[in-house]
Every structure is written in structure tokens, then in C-alpha cells.
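Structure record follows, encoded as C-alpha cells.
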Amino acid sequence: MSSGDVEGEEQDGGKIRKLKEEINDVWNKIAMREEKIKPEVDDRPGWKTVRIFVSSTFKDFHQEREELVKKVFAELRGWCELRQLYLIDCDLRWGVPKETTSEVTLKTCLEEIDRCYDDNKVPYFVNMTCKRIGWIPLADELPPNLMKNYRLVFGLSVTEMEIVHAAYRIENPNALFLIRDDSFLNEIEDEDIRKEFIDEVQPRADTKLNILKDKITSRFSERVFTYKCKYVPGERLYSDYMTKKGRPKLELDDNFSKIVLDFFKERIAEQYPVVKTEIDEYLDATFHHKAFMNSRCGIILGVNKKSQRDLIIGRESILKEINDYVENEKDTSGSPKLIIGEAGAGKSSIMAKAASNVLQAMEERAAQPCKVFFHFVGAVPNSTSLLEILRRLLREIKPNSDFPETLEDTVQLVRSELANCHLGRVVIFIDALNQVDRDMHLEPMFWLPEKLAPNVRCVLSLITDSEPHVVLKRRQDFKIRDSEIIVPDLEPGKRLEIVNNYLGLFNKTLSTEQVVPLLGKKASSNPLWLRIACEELRIYGDFNTVTDFIKLLKETLPGLLQQVLERFEKETDRVLLVSTLCLLEVSRFGLLEAELLEILADKDSLEYRETGGEYNPEGSRVIEKRPHLPYAEWASVYRNLRIFLRPYGNPSEGRLDFYHRTLSKVVQDTYLDKSKSDADYNKKRWWWHKKLAEYYRYCGTYDRKVEEYPHHLLFLKRNAKYDEDKKLYCKWLQEFLLDMGAFKRLYDDEFSETLLYYWRECGDEKYDQMCEGYEKEIRQMEKDLAYAPHVTASRFEDVSRLMAQAGKYKEALKVAEDCRDMVKKFPQQWEDEERNEKLMYIYGHIAHIKSLCLPHTQSAKEIPELNDIISMHEEAIQIINNSPKRNEKKYKKYLALQLIKKAYARGGIASRCDAFSVSKFFTKNKTKKEMIELGCKEVEKAISLYQELKDYGHELEAQLTKATLYRGNKEEQLKIYGETKQRCEDVVGPKCPLMCRLCFNMGVVYGRDNDEKNAYSAYKQAYEIAVDIYGPKHVKTEKYKAELMKYSHVAKKLGKE
């Protein structure tokens, strides 16, 4: 070897050593910025989303990506669905547009990893490496704000950036690394094909790769696997997303798929264990509302640079006023605080921050108990339902009480509770009250009493002059000036502060010449308009023409949103963009990202067509296995729409919806033709509703089908052009409702309001088809050996209760008795205690149905039936008394209920003994007197149980039952009513449904005794309370008024109206 060769080798060696030093220096800088994060076990019930980010150089890993996307993740997706998990594989390299800028490409990759953090706390990540290092951005290709926000280090390739951000820096236990053995390259003779697997920049690429592999192996030794493959000469790998020539084909080691599957199954199972507990709907909804509240608190309209704390710039005084209202214990005005403003004024952010502040303050002052209720209308599924809002509120302020069955009764109970002077300290926040579903039979805001109890504080946000706002302003006792907080336009100084804060996050500023025309626009006083405008300026590329661009910004919030959407159409696939917006707009509760990926995959079917609503008896075809839209195509749409979309409900579920309702209106006008005519609007909506109805007919989980499918079918039915179509959609809805998977989710033990509503919409006003259909289904279950008897019995019980809720008592009784016989027939199917508990509830249910079947008119014929009812209650009571669980709360509560109902049945026998021959109707050797004495003892025992449980509402109900036992004994009845009335005033308050009934019953007793003056006084009090809690036109108020009018002559004598 010549001296020249030696010298050359030494020079090359020196270059490589220097290169190694440079590369190691980059990794040393990264090591100084480590922060370890551990996955959090999430065992909450409900569906969640798991994201797996696929990382590799693109050109050389087509074979592996095909294997992952089409086989491995397909199998893993099915496994995940069994665990109530949606799987989304983030394979960004498919379909990345060639014209995409360096900044956008980098942001797309890193922001998708951010979403993995958001959904799973620690990303699920798989990286594949071989002989290519990939693209290393130059200094001018790395924007400073991106470097700062992601703490990037210059000199890394994009693949290395992904590894650092998703795995290396936090030592991610969910990261898997696969290194492909490069020996297969020896089999490739064609140099052009070899180049597809080897980096062109040598020796830098080899050196970087070796150091990268060393770093990965040293940090993730147990999660680094090497696999082999073979080159398949003469064959090409083809896919919809590759060049027409295809790619070199490799034959992967069988171990490749197994490694990936086993790793992610183990990691996912550890973080998301199988949940066997039933979902507590109240706790689940509270969790979702709290997640939304926290997300709104995190919206940065400004940042305090010293503390890096989120601020609501320009709204500090409003937050203080809300806090003063909540904290002022001397305030006895009884008025709520109304946060009033236009769309986009920032009301939801104010409400979220105010509620968060109050929660934090209450936690710090644990010694002063206070209940804080917060509800953000439209933020989570079903949150626009007034019934659900009020039930959540009752659960917060009366956690141990039963809910009324109907909205009307719930409204009355809430109204009386919020006026109850004995209620403990409660703070209520309800945001976007104007978006609550309207009930045509109830006056808006009737649930809110004219005067709140002294310990109640209620903060409500509404759009200015919306219907609830107008209704409240009409109230005579409502001091509007003292109660309203009007969210004002942002002051110029605050606007400038927001602009500087927002753009400053991205190292950008505007000159005075640019700020003046921006803040000179009238719409800049609206925080949402200003935020969107700042975002548009942030991404605008030509600084020299920024001033002209500012002048072109639309002057209204809807106009600006429309302008932004026009830009999005040019920058991404228009069909996918418009389809996403329209699908979200017509959806009931937003759409899962996983659902959008399936629906959007069939791009040819997404263009709106004038179908005219033709009758199609076949519907859409069944697609066994739906393909997914390539993730990079979706990422392009999502990246543009991201600032306008928000997680709907649980952030980890992956559900999306519009961030603000104004965008919904813009989509209606722009893409659904609402601005043209109602006919055009309905045509477009009909087309998109049909798209979703056909999707949910064959796809989606039961949880999602229940939320969406009936909603779309009902819209199609109501707007169908032909009767045949209407019949078809009713048929589809009936088929769905009869599916036991749907029934299980729609049925409610207390009252299945939604399920019964859907049956009525099918034209089944008398519920005959419903009863016939469900009985057929459960009889089939009874015959089908695939169903265990205990499962079938439970379904029999549920169907019977539903029939009773629908007023079909005879049908309900028959099914309930069959259920009882089934439980007795197959005792081996249950644990002893489980079987006894089932029988306890069935006996009580049968007794309840039998009592409902009794005629309104009394006769001696009912006494045997009443004896049978008593026997059913005795069976239930005996089971409770013999149960080792008899001291549990739910058993005590059910025992008290059975005792009261049993006593009531005894009273029924006693009253019939009054009306008919006493000597003939001794019952089980008991006289009328003995029956009353037994009934009183049972009621007293029930009262004692309710007192022990501190369930004072039911205690008072029991006292009313006791009084009815003494029918005909005026003195004893009035004595009990008087004691109960005083107790009711002390516990519940003077204005409540119970007090109304009590006064009315006293009027009846006085009336029977011809004591007209006292009867008039009692009926008058009942009527006045009814007007206050039910309203003047309510059927119960009319009933009390009718009784009162019978004593008009007494009023005249007393000189009263």
C-alpha cells in the first residue's frame, strides 16, 4: 500500500471521526432535554381511541407498510373493538402530496404524534430502520417556532425527529423498533433497485444510521427486534398509492407480523384493561363535561409570559363579577347571573374558566361543603336534552333520590328544589342555554323558579335576545339590570394584546401599519373573529403583501369563516373537505374519526347527486370489510380544519364536531344551500342523512348506532318524497329497535322516554307493534339454546317493564309472570343471592302492574286481587329479610317501598270494607281495623328506614300513604296531614309538588265533612302552589282550579275572588 493510500485512509478516518462527533453532539443536546412520561391505566367504561404512529423512511419500506396496514392492523383492529377501542393507524407517508412544503410536512408528522399524546398520554409508536436515513432538513427549512415548540435539534432527519418526539426523549414503553437485516441486498443484482434501499449520501448516512441504531438499542433494548426478508426477483409490489411500475417486492419473515401484534396487544391491554363494570351515566357525563371545561380553559386568548398561565384577555372583570356573585353569602335576591353576548364573544371560555375557578376554590375550602354543577350544552352527546340536564342537576343536589319519569315531573321537582330554603349550598353553571332542545309543551326556563333559594347560585350563558333570554326578561320579579352581565366588545388595547400574544407564540409580529387596518375592522371586537384572523395571518407566506391581505379579510364572523373554507378548498382535496363538513353538520352527536376514515374511503360516492329521493327497497349494499381512507389524505383535511374542530365528549374517544355553532351555520349556507331555499336545503340534507343512515345500517358499534341511526332514519322518513320511502325507513327503524343489542342500550329502568318516542315515530301510537315485536324476540330467545336462561330472564323483565311504561299492563303482567316462572325453573343458572335478588324485583314489579290494572271505580270484586298484590309484596319482603345484603342501602330502600305499597293495598281493602258488607270481607282473618293497624305499622317501619337513609322526600310520601289508611276518620287524617305539612315546610319548602298534593288532600277531607271554609282555604293554597310550580294552564292546575271554583260562594262570603 502506497503512502498516498495510507494518507487517504487517515483523512477519511478523520472525516468520519469528526462526523461522529457532530452527530453525537446532536444526540447529547437531545439527552439534556429528556422528560419521562409513563402511560396511565384507563379503566373507565366506554369507547376510546388508540392511535399507532408508523415511522420509517418511505421509499424503502413499502412492503412492511403494506403488511402492517392490510394485515397486522386489520387483525389488531378487530381485537381492539372487542375491548371497546377504536384503532387508528397513522401511516402518513401514503398519499403525501408532492407539492407539500417542508414546514407543512414536518408539522403534519409532529402534530399527528401530538394527537397520539392527547389520546393515549404516551404514543403507540413503531419505527422501522434499515439502510436509509431519509430527509435531513436544512437550516432554512426548519421554522424557528417549530424548533422552539418541539425542542428540535438541527441535524436530525425527519425520521429521527419522529423517534425523538414520540419515543426517545420520554423513554416511551409503548415504542417498538424493528431493524431490517440488510443481507437481502446481496441478492439484488440490479443497481437501480438496490438504490431504492440505500441512501445516496455516503458515508454520512451510514454513520448516522449506525449511531441511531446504537442509541435505540441502548435505550430500548427489550423493544428492539431484528427481522429478515428476501428479495423476490421479477415481481413487483402494487398498490393504489404507488407508481404504476410498482415497487420491489420483498418476502418478510413470518416473525415480523407476530412481533408487532404481540407487542401492541400487550401494551394496549396493560393501559386499557377490559372493563366489566356497568357505566355510571352520570359520572360518565360529568367526566366528559369536565374534559370540555378543561379544554376551554386551555384556549389561549393570551398568555402571561411570567407565569405562562392561560388568561382570558379582556374578560377579567366578568370573571371577578361572577366570583363575587358566587362568594357573596349575604345576597338574598334569589336571581341568577346571566352571561349575555353575541356568537363568538367568548361566553363558553368565560363559563369554563369561572366554573374551574369555583371548583378550585371549593377544593381548597373543603371545610365549607358546596356542590358545584356544570353543564356545557352541545359539548357532549345528549347534552342538549333538557331532561338530561335536569336529571344531572338532581343527581348532584339530591344524590340519594329517584328521578321522576317524565320531563314535566322533572321540571317541577327541579323548580321546587331550587326554591327550597333548606337546600345546602349549590353553585350551578349552564353554558349555551339557548341551544337546549325546545319542548313544545313546556314554557322555556320554567324549571328555574322566580326566586332561587338563599344558598343557590346559578350562572347561565345565552345568546342576546334568544328565546330563553326573552322569557327571563318578561318575568315580573326579575331584576334584569342586576342579573345580566353583558359580554362587551373587546377594547382596542385588549385586541392588540391578543394579537401580540397569539402571533408572539410563533415568533411573528405586525407593524403599526398592519395592526391599524386589522383592529380597525369592526369584527375585530369579537374574540373568535380575531383569533381566526390571527391564524390566517400566521400562515400567510408573503410578508410584503400582509397589509393588502388584512384589508381583504371579511368584516363578519360568518364571512371570515367562509373565506377560510374557500382557502381550504384550494389547499386540500375539495371532495373530502366538503364531505367532512357536511357529514359533521348532519350528524347528531359528531362523528368518530374512525367512522370518517371509513365513510370517506369511497370517494366516488361522496359527490352530491340529484336523486329526487327515489324508492330503493334494497337500501345500500352490505360491505363486509370497509377500506380506510389513506391517513395522509385525511391528515391533510384534518390539518386545515383542526382549529374549527373539537373533541366531542371524552377526548380519548376520538369523536369530532364543530368547535363553534357559527361554523355550522356557514356550512349550512355554503354547502347545504340553506341560503337558497328550504327545498334546496332539505334536498342536500336528505342526501347526507341518507349517506350516514346507510353507513350505520351495516357498520358501527351498537353504542354509535343507537346515537345516530334512528336520528337519520327519522329525518329521511319525515322528508321522504314518496310513501314507499317513508314505509321503508319506518321498517328499518323498527328492525333496529327490535334488535336486542339496540334495545339494551335504549331501555331505561326508570322510564324509556327515547325508546318509546322512536316507536311512536314509527306510527305505533298504541305500542301494539312494539309489544308484539318484543314478545316475539324474547320468545325466540327462550327457544334458542345459545342464550343462557338467566340472560333470557333478564330480557323478559326489561321487556315487561317497558310494556308497563307504555301503559300495556296486561301484556306486561304476562311477560313478568313468565319471567318469574323462568327464574324458579332454572335455579342452577344463578348464584343463590343473585337469583333471590332477581325474584325480589320481579315480585315487586308484578305487584306494581297488578295495582295499575285495578279499575278506577271501587267494588268488592277487587279484594281478591288486592290480596294477591299483598302476597307479591310479602314475597319480596321475605327475600329481603332473609338476605345477607339486607343492610345494604338499595335493599333497605326497596324494602321501604314494598312496605308502603303493601300498606296502600291494605288501605284499598279497608276502604272497600267501608263501602260494602264488612262481615263478608274479612281478609285472612283480619278485620278492617286490624288491616289499618297492620298498614300503619308497615308505614312506620318504612318511615324509619327512610329516616335512617336520610331520604326525607320519600319519608313524607310515606306519611301521605299513612293518612290515606284512615279514610273516614277526619281527626286522624288531619292530624297526620298537619304534621306532614309542617315537616314538608322544614325539609322541602313551602312550594313543591308534595305540598300541593297535601293541601289538596286536606281539602278533600274538609269537603267530605262539609267544612266549606277550611276546604276552600286548603284548595286555594293547593291552587296557588300549582300555579307557581306547574304554571296556570297545566292539567293539574286546572284540576285544582275546578275544585276551588266549587267553593266560589265561600270566597264571596269572605270577600275574596
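Residues in the C-alpha cells are numbered from 1 in each chain, the chains being A, B, ... in the order shown, and ligands are numbered from 1 in the order shown.
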message: I'd like the neighbourhood of stretch 577-593 of chain A as a PyMOL selection string, where a residue qualifies if any of its atoms comes within 7 Å (using only C-alpha atoms), though same-chain residues fewer than 2 positions away should be ignored.
response: chain A and resi 381+569+573-575+595-597+606+637+648+654-657+664+667+685+688-689+708+711
For those residues, write C-alpha atoms to a file as a PDB file, in the first residue's frame.
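Writing the result to selection.pdb gives the following:
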```pdb
ATOM      1  CA  PRO A 381     -73.706  13.616  23.410  1.00  0.00           C
ATOM      2  CA  GLU A 569     -60.781  24.007  -0.730  1.00  0.00           C
ATOM      3  CA  ASP A 573     -58.954  17.612  -1.600  1.00  0.00           C
ATOM      4  CA  ARG A 574     -62.200  19.566  -2.001  1.00  0.00           C
ATOM      5  CA  VAL A 575     -64.433  16.487  -2.108  1.00  0.00           C
ATOM      6  CA  GLU A 595     -66.012   6.412  11.086  1.00  0.00           C
ATOM      7  CA  LEU A 596     -64.957   9.307   8.873  1.00  0.00           C
ATOM      8  CA  LEU A 597     -61.993   7.299   7.585  1.00  0.00           C
ATOM      9  CA  LEU A 606     -69.272  11.479  -1.970  1.00  0.00           C
ATOM     10  CA  VAL A 637     -58.127  17.651   5.638  1.00  0.00           C
ATOM     11  CA  TYR A 648     -66.879  15.919  21.401  1.00  0.00           C
ATOM     12  CA  GLY A 654     -61.806  10.310  19.039  1.00  0.00           C
ATOM     13  CA  ARG A 655     -65.157  11.959  18.296  1.00  0.00           C
ATOM     14  CA  LEU A 656     -65.142  15.226  16.339  1.00  0.00           C
ATOM     15  CA  ASP A 657     -67.618  18.067  15.935  1.00  0.00           C
ATOM     16  CA  SER A 664     -72.388  25.072  11.449  1.00  0.00           C
ATOM     17  CA  VAL A 667     -71.694  25.067   6.311  1.00  0.00           C
ATOM     18  CA  ARG A 685     -79.520  17.407   3.958  1.00  0.00           C
ATOM     19  CA  TRP A 688     -76.171  13.368   3.517  1.00  0.00           C
ATOM     20  CA  HIS A 689     -78.547  11.913   6.129  1.00  0.00           C
ATOM     21  CA  GLU A 708     -77.003   8.175  15.210  1.00  0.00           C
ATOM     22  CA  HIS A 711     -81.834  10.176  14.091  1.00  0.00           C
TER      23      HIS A 711
END
```
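Within 8 Å of A:Glu103, once only C-alpha atoms are used and residues closer than 6 positions along the same chain are dropped, the contacting residues are Glu141, Leu142 and Pro143 of chain A.
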A:Leu496 surroundings by only C-alpha atoms, 10 Å radius, close-in-sequence under 2 positions cut, as an mmCIF file with N, CA and C atoms, in the first residue's frame:
```
data_model
loop_
_atom_site.group_PDB
_atom_site.id
_atom_site.type_symbol
_atom_site.label_atom_id
_atom_site.label_comp_id
_atom_site.auth_asym_id
_atom_site.auth_seq_id
_atom_site.Cartn_x
_atom_site.Cartn_y
_atom_site.Cartn_z
ATOM 1 N N LEU A 490 -64.470 43.678 22.628
ATOM 2 C CA LEU A 490 -63.110 43.850 23.144
ATOM 3 C C LEU A 490 -62.639 45.282 22.925
ATOM 4 N N GLU A 491 -62.020 45.844 23.930
ATOM 5 C CA GLU A 491 -61.452 47.179 23.785
ATOM 6 C C GLU A 491 -60.216 47.110 22.891
ATOM 7 N N PRO A 492 -59.900 48.202 22.186
ATOM 8 C CA PRO A 492 -58.747 48.198 21.270
ATOM 9 C C PRO A 492 -57.457 47.716 21.927
ATOM 10 N N GLY A 493 -57.209 48.145 23.161
ATOM 11 C CA GLY A 493 -55.984 47.734 23.846
ATOM 12 C C GLY A 493 -55.944 46.236 24.081
ATOM 13 N N LYS A 494 -57.098 45.653 24.421
ATOM 14 C CA LYS A 494 -57.179 44.209 24.651
ATOM 15 C C LYS A 494 -57.034 43.443 23.337
ATOM 16 N N ILE A 498 -54.189 40.607 22.515
ATOM 17 C CA ILE A 498 -54.471 39.268 21.997
ATOM 18 C C ILE A 498 -53.647 38.993 20.736
ATOM 19 N N VAL A 499 -53.619 39.964 19.818
ATOM 20 C CA VAL A 499 -52.858 39.792 18.570
ATOM 21 C C VAL A 499 -51.384 39.565 18.878
ATOM 22 N N ASN A 500 -50.806 40.387 19.736
ATOM 23 C CA ASN A 500 -49.383 40.251 20.068
ATOM 24 C C ASN A 500 -49.082 38.931 20.765
ATOM 25 N N ASN A 501 -49.987 38.524 21.669
ATOM 26 C CA ASN A 501 -49.788 37.256 22.372
ATOM 27 C C ASN A 501 -49.866 36.076 21.418
ATOM 28 N N TYR A 502 -50.886 36.087 20.571
ATOM 29 C CA TYR A 502 -51.104 34.946 19.676
ATOM 30 C C TYR A 502 -49.970 34.813 18.659
ATOM 31 N N VAL A 515 -51.267 46.625 11.955
ATOM 32 C CA VAL A 515 -52.180 46.482 13.091
ATOM 33 C C VAL A 515 -53.396 47.393 12.930
ATOM 34 N N VAL A 516 -53.172 48.614 12.457
ATOM 35 C CA VAL A 516 -54.255 49.603 12.360
ATOM 36 C C VAL A 516 -55.424 49.103 11.506
ATOM 37 N N LEU A 518 -56.167 46.031 10.734
ATOM 38 C CA LEU A 518 -56.711 44.814 11.330
ATOM 39 C C LEU A 518 -57.675 45.157 12.461
ATOM 40 N N LEU A 519 -57.213 45.983 13.399
ATOM 41 C CA LEU A 519 -58.045 46.324 14.547
ATOM 42 C C LEU A 519 -59.092 47.372 14.185
ATOM 43 N N SER A 524 -63.236 42.888 14.627
ATOM 44 C CA SER A 524 -62.085 42.561 15.479
ATOM 45 C C SER A 524 -62.424 42.660 16.958
ATOM 46 N N LEU A 530 -61.187 37.511 15.836
ATOM 47 C CA LEU A 530 -59.795 37.952 15.971
ATOM 48 C C LEU A 530 -58.844 36.765 15.994
#
```
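With only C-alpha atoms as the basis for measurement, A:Phe197 is the residue among A:Phe197, A:Ile322, A:Leu452, A:Thr964 that approaches A:His62 most closely.
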Distance query stretch 1031-1043 of chain A at most 9 Å, only C-alpha atoms, self and fewer than 5 positions along chain excluded, as a compact mmCIF listing (two decimals) with all heavy atoms, in the first residue's frame:
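Listed below is the output, around_25.txt:
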```txt
# COMPACT_ATOMS: atom_id res chain seq x y z
N GLU A 443 -93.09 25.70 28.92
CA GLU A 443 -92.57 27.05 28.77
C GLU A 443 -91.05 27.02 28.97
O GLU A 443 -90.57 26.41 29.93
CB GLU A 443 -93.21 27.96 29.82
CG GLU A 443 -92.71 29.40 29.75
CD GLU A 443 -93.16 30.21 30.94
OE1 GLU A 443 -94.23 29.89 31.49
OE2 GLU A 443 -92.45 31.14 31.32
N PHE A 446 -89.03 27.28 32.56
CA PHE A 446 -89.96 27.09 33.67
C PHE A 446 -89.31 26.35 34.83
O PHE A 446 -89.75 26.45 35.97
CB PHE A 446 -91.22 26.35 33.19
CG PHE A 446 -92.32 26.35 34.22
CD1 PHE A 446 -92.97 27.53 34.53
CD2 PHE A 446 -92.67 25.19 34.88
CE1 PHE A 446 -93.98 27.55 35.50
CE2 PHE A 446 -93.67 25.20 35.84
CZ PHE A 446 -94.32 26.38 36.15
N PHE A 1000 -104.30 19.68 48.76
CA PHE A 1000 -105.47 19.19 48.04
C PHE A 1000 -106.16 18.08 48.83
O PHE A 1000 -107.39 18.06 48.96
CB PHE A 1000 -105.06 18.68 46.66
CG PHE A 1000 -106.22 18.24 45.82
CD1 PHE A 1000 -107.00 19.16 45.13
CD2 PHE A 1000 -106.57 16.89 45.73
CE1 PHE A 1000 -108.08 18.75 44.36
CE2 PHE A 1000 -107.65 16.49 44.98
CZ PHE A 1000 -108.42 17.42 44.28
N TYR A 1016 -112.21 25.37 51.30
CA TYR A 1016 -111.84 26.46 50.38
C TYR A 1016 -110.40 26.91 50.62
O TYR A 1016 -109.63 27.08 49.68
CB TYR A 1016 -112.80 27.63 50.57
CG TYR A 1016 -112.30 28.91 49.94
CD1 TYR A 1016 -112.38 29.11 48.56
CD2 TYR A 1016 -111.71 29.91 50.72
CE1 TYR A 1016 -111.90 30.28 47.98
CE2 TYR A 1016 -111.23 31.08 50.15
CZ TYR A 1016 -111.32 31.26 48.78
OH TYR A 1016 -110.85 32.41 48.20
N TYR A 1019 -107.97 24.17 49.30
CA TYR A 1019 -107.95 24.12 47.83
C TYR A 1019 -107.28 25.37 47.25
O TYR A 1019 -106.56 25.29 46.25
CB TYR A 1019 -109.37 23.99 47.28
CG TYR A 1019 -109.96 22.61 47.36
CD1 TYR A 1019 -111.23 22.39 47.87
CD2 TYR A 1019 -109.22 21.50 46.92
CE1 TYR A 1019 -111.78 21.12 47.94
CE2 TYR A 1019 -109.76 20.23 47.00
CZ TYR A 1019 -111.03 20.04 47.51
OH TYR A 1019 -111.56 18.78 47.57
N LYS A 1020 -107.51 26.51 47.87
CA LYS A 1020 -106.91 27.76 47.40
C LYS A 1020 -105.38 27.69 47.51
O LYS A 1020 -104.66 28.09 46.60
CB LYS A 1020 -107.45 28.93 48.20
CG LYS A 1020 -106.97 30.31 47.69
CD LYS A 1020 -107.69 31.42 48.43
CE LYS A 1020 -107.31 32.78 47.86
NZ LYS A 1020 -105.93 33.15 48.11
N ALA A 1022 -103.57 24.94 47.55
CA ALA A 1022 -103.11 23.95 46.56
C ALA A 1022 -103.04 24.59 45.17
O ALA A 1022 -102.07 24.38 44.42
CB ALA A 1022 -104.05 22.75 46.54
N TYR A 1023 -104.07 25.37 44.82
CA TYR A 1023 -104.11 26.02 43.51
C TYR A 1023 -102.97 27.03 43.36
O TYR A 1023 -102.30 27.07 42.32
CB TYR A 1023 -105.47 26.71 43.33
CG TYR A 1023 -105.53 27.58 42.09
CD1 TYR A 1023 -105.54 27.02 40.82
CD2 TYR A 1023 -105.57 28.98 42.22
CE1 TYR A 1023 -105.59 27.83 39.69
CE2 TYR A 1023 -105.61 29.78 41.10
CZ TYR A 1023 -105.61 29.21 39.82
OH TYR A 1023 -105.65 30.00 38.71
N GLU A 1024 -102.73 27.84 44.37
CA GLU A 1024 -101.68 28.86 44.29
C GLU A 1024 -100.29 28.22 44.14
O GLU A 1024 -99.45 28.72 43.39
CB GLU A 1024 -101.73 29.75 45.54
CG GLU A 1024 -102.93 30.70 45.54
CD GLU A 1024 -103.09 31.44 46.85
OE1 GLU A 1024 -102.43 31.04 47.85
OE2 GLU A 1024 -103.89 32.40 46.89
N ILE A 1025 -100.07 27.13 44.85
CA ILE A 1025 -98.79 26.42 44.71
C ILE A 1025 -98.68 25.81 43.32
O ILE A 1025 -97.62 25.86 42.68
CB ILE A 1025 -98.65 25.32 45.79
CG1 ILE A 1025 -98.61 25.95 47.19
CG2 ILE A 1025 -97.38 24.49 45.55
CD1 ILE A 1025 -98.69 24.94 48.32
N ALA A 1026 -99.81 25.28 42.82
CA ALA A 1026 -99.80 24.66 41.48
C ALA A 1026 -99.48 25.69 40.40
O ALA A 1026 -98.72 25.41 39.47
CB ALA A 1026 -101.15 24.01 41.20
```
message: Which residues are near A:Tyr767? Cut-off 9 Å, only C-alpha atoms, ignore same chain within fewer than 3 positions. Put them as JSON, numbers by chain.
response: {"A": [756, 759, 760, 763, 764, 770, 771, 772, 803, 806, 807, 808]}
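If only C-alpha atoms are the atoms counted, then among A:Gly741, A:Pro710, A:Pro273, A:Gly504 the closest residue to A:Cys762 is A:Pro710.
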